[in-house]
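First comes the structure, then the notes that go with it.
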Amino acid sequence: MALKSSSADGRTRSSIQIFIVAGLCCFFYILGAWQRSGFGKADNLAERIIKSTADCNIIPNLTFETHHGGDVGPDDDSESKSKIYQPCPSRFTDYTPCQDQSRAMTFPRENMIYRERHCPPQQEKLHCVIPAPKGYVTPFPWPKSRDYVPFANAPYKSLTVEKAIQNWVQYEGNVFRFPGGGTQFPQGADKYIDQLASVLPIANGTVRTALDTGCGVASLGDGFFFFADGMYLMEVDRVLRPGGYWVLSGPPINWKNNYRSWQRPKEELQEEQRKIEETAKLLCWDKKYENGEMAIWQKRLNADSCRARQDDSRATLCKSTDTDDAWYKQMEACITPYPDSGSSDEVAGGQLKVFPERLYAVPPRVASGSVPGVSAKTYQVCSMEDILLEMDRILRPEGAVIFRDEVNVLIKVRKMVGQMRWNTKMVDHEDGPLVPEKILVAVKQYWVAGGNSTSTQ
């Protein structure tokens with residue numbers, strides 16, 4: 001009897017629990033339906049608020065701009081007003097700090113040293129803003145800007161004269177027209193890039209370093225054959241990181257078909273290509289491709305894959321303990337050693353992340369302490385003034401820059417660019433005001449040599 005009574009009580013409790021749950025479900029369903037019907041007080045209140053705020057101007061001072069003003073208020077920052085960067089003289093319109101022609105001509109012609117990068121010492125740096133050419137106009141919108149540039153923005157005709165027989169650039173009325181292709185790539189740059197992409201893994205972001213050299217404008221090969229001892233390619237090898245590619249487009253590649261049009265003896269071109277192939281083999285580069293006037297080599301991944309050259313008397317390794325310390329040094333005919341690697345299949349110096357992740361990652365050699373004097377903490381430490389002045393030099397009038405950083409950094413940036421005739425606005429991160437990172441939008445004011453300006457200063 002006791003067992004039967006206990007079983008009956010259990011069934012009763014279960015029935016009551018089921019009834020309670022079902023009742024609650026019905027109650028909340030009816031409550032939700034009532035609120036959505038428009039008769040609920042909360043919905044009526046929301047409807048009245050919406051109607052009363054239909055006019056967006058009811059709060060005219062509403063702003064989404066961040067309130068981190070720091071010490072850059074326009075009314076109380078008298079110190080910043082006294083430090084406004086003045087315009088440089090108009091003769092500096094085309095000034096490029098590390099490629100200044102007047103400075104370059106003071107260096108020796110031997111091994112084309114005068115064409116190397118020669119940056120001004122600290123005491124000679126300009127602390128003024130470079131003016132745009134007088135008469136500068138807003139560039140054409142894309143895609144017209146691909147083919148046309150206003151003459152006033154680059155008022156020089158010398159290239160149209162020197163390259164008159166080639167299909168590079170033509171002067172027409174008040175604009176330059178770029179037909180595209182030139183003599184080397186008559187089908188245009190896009191076809192040339194497609195040809196590169198058929199060999200190089202460009203699309204997936206794994207390409208680490210690629211040097212494209214040739215014998216024309218905007219290439220690295222102009223002085224190629226001034227270095228009969230292989231010094232030029234040894235310098236290319238120093239710059240190339242493990243796994244990087246070297247692309248040579250132009251003479252002497254495909255010399256058999258082109259020696260007449262190049263107006264050069266075929267024996268000379270044949271010997272040049274033989275030297276290139278010989279030096280590339282000494283450097284442990286693997287030839288990946290040759291078609292038309294283009295050839296591509298790839299540098300091997302580490303020293304283990306290049307043991308054969310250890311017995312070659314011509315393979316002289318550089319003795320310098322810091323292979324990255326190359327600026328303003330005498331070039332030597334020696335091969336830069338590979339960075340260390342843990343195994344035969346590991347990339348010497350460490351594997352870089354694929355693009356775009358690598359933009360935000362410290363390079364492996366820096367992270368591991370392999371670069372003397374540089375650590376992960378000091379990797380990006382440099383002068384803010386130098387960076388912003390150079391950005392101002394490169395940026396077109398009315399061009400825009402977007403900075404993303406911690407608010408204390410952006411306050412400093414905003415103060416400095418305000419002294420360079422930039423208009424700025426700082427806003428909160430897209431994820432909300434509690435995110436420490438902020439966004440600073442800056443627009444360079446229109447002003448040119450001679451005084452025309454939108455500046456209010």
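Identifiers in this document derive from the order of the structure tokens: chains are assigned A, B, ..., residues are numbered from 1 separately in each chain, and ligands are numbered from 1 in order of occurrence.
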
Using DSSP assignments from the backbone, pull out every residue in region 231-446 of chain A that falls under helix (DSSP H, G or I) and give it to me as a CSV table (one decimal) with C-alpha atoms, in the first residue's frame.
```
chain,number,residue,atom,x,y,z
A,231,MET,CA,78.4,43.0,-57.6
A,232,TYR,CA,75.0,44.3,-58.8
A,233,LEU,CA,73.3,40.8,-58.5
A,234,MET,CA,75.0,40.3,-55.2
A,235,GLU,CA,73.4,43.5,-53.9
A,236,VAL,CA,70.0,42.3,-55.3
A,237,ASP,CA,70.6,39.0,-53.4
A,238,ARG,CA,71.2,41.0,-50.2
A,239,VAL,CA,67.9,42.8,-50.6
A,255,TRP,CA,68.3,38.8,-77.4
A,256,LYS,CA,68.2,36.4,-80.3
A,257,ASN,CA,65.0,38.0,-81.6
A,258,ASN,CA,65.6,41.6,-80.5
A,259,TYR,CA,69.3,42.4,-81.0
A,260,ARG,CA,68.6,44.2,-84.2
A,261,SER,CA,65.8,46.4,-82.8
A,262,TRP,CA,68.0,47.0,-79.7
A,266,LYS,CA,74.3,39.8,-80.6
A,267,GLU,CA,77.7,38.5,-79.2
A,268,GLU,CA,77.6,41.2,-76.5
A,269,LEU,CA,74.0,40.4,-75.5
A,270,GLN,CA,74.8,36.7,-75.5
A,271,GLU,CA,77.7,37.2,-73.1
A,272,GLU,CA,75.6,39.4,-70.8
A,273,GLN,CA,73.0,36.7,-70.4
A,274,ARG,CA,75.7,34.1,-69.9
A,275,LYS,CA,77.1,36.2,-67.0
A,276,ILE,CA,73.6,36.6,-65.5
A,277,GLU,CA,72.9,32.9,-65.6
A,278,GLU,CA,76.3,32.1,-64.1
A,279,THR,CA,76.0,34.6,-61.3
A,280,ALA,CA,72.4,33.5,-60.5
A,281,LYS,CA,73.6,29.9,-60.1
A,282,LEU,CA,76.4,31.1,-57.8
A,303,ALA,CA,71.7,27.9,-46.5
A,304,ASP,CA,71.1,24.2,-46.3
A,305,SER,CA,69.6,24.3,-49.8
A,306,CYS,CA,72.8,25.9,-51.1
A,307,ARG,CA,75.6,23.7,-49.9
A,308,ALA,CA,77.0,23.3,-53.4
A,309,ARG,CA,78.5,26.8,-53.5
A,310,GLN,CA,80.6,26.2,-50.4
A,311,ASP,CA,83.2,24.6,-52.6
A,357,GLU,CA,48.2,40.0,-41.6
A,358,ARG,CA,51.9,40.9,-42.0
A,359,LEU,CA,51.0,44.6,-41.9
A,360,TYR,CA,50.3,44.3,-38.2
A,364,PRO,CA,60.2,37.3,-37.3
A,365,ARG,CA,63.8,38.4,-37.4
A,366,VAL,CA,62.9,41.4,-35.3
A,367,ALA,CA,60.8,39.4,-32.9
A,384,MET,CA,56.5,61.9,-35.7
A,385,GLU,CA,57.5,65.2,-37.2
A,386,ASP,CA,59.6,63.6,-39.9
A,387,ILE,CA,56.8,61.1,-40.8
A,388,LEU,CA,54.0,63.8,-40.9
A,389,LEU,CA,56.1,66.3,-42.9
A,390,GLU,CA,56.9,63.5,-45.4
A,391,MET,CA,53.2,62.6,-45.6
A,392,ASP,CA,52.4,66.3,-46.2
A,393,ARG,CA,54.9,66.4,-49.0
A,394,ILE,CA,53.4,63.3,-50.8
A,407,VAL,CA,43.7,58.6,-28.4
A,408,ASN,CA,46.8,60.0,-26.8
A,409,VAL,CA,48.8,59.4,-30.0
A,410,LEU,CA,46.0,60.9,-32.2
A,411,ILE,CA,45.9,64.0,-30.0
A,412,LYS,CA,49.6,64.6,-30.8
A,413,VAL,CA,49.0,64.0,-34.5
A,414,ARG,CA,46.0,66.3,-34.6
A,415,LYS,CA,48.0,69.1,-33.0
A,416,MET,CA,50.9,68.7,-35.4
A,417,VAL,CA,49.0,68.4,-38.6
A,418,GLY,CA,46.9,71.4,-37.6
```

> Which is closer to Leu200 (chain A) than all the others in A:Arg241, A:Gly135, A:Trp297, A:Lys157, using only C-alpha atoms?
Replying inline: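 Residue with the minimum atom-to-atom distance to Leu200 (chain A): A:Trp297.
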
>> Using only C-alpha atoms, can you tell me which of A:Ser341, A:Val247, A:Arg115, A:Lys125 comes closest to Ile193 (chain A)?
In response: A:Val247

> What does the distance from CA of His429 (chain A) to CA of Ile84 (chain A) come to in Å, to one decimal?
Replying inline: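 According to the coordinates, CA of His429 (chain A) and CA of Ile84 (chain A) are separated by 29.0 Å.
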
>> Could you list, as a ChimeraX atom specification, every residue within 7 Å of Val443 (chain A), counting only C-alpha atoms and ignoring same-chain residues fewer than 4 positions away?
In response: /A:398-401,422-424

> By how many Å are CA of Asp229 (chain A) and CA of Thr106 (chain A) apart?
Replying inline: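 One can read the CA of Asp229 (chain A) to CA of Thr106 (chain A) distance as 25.6 Å.
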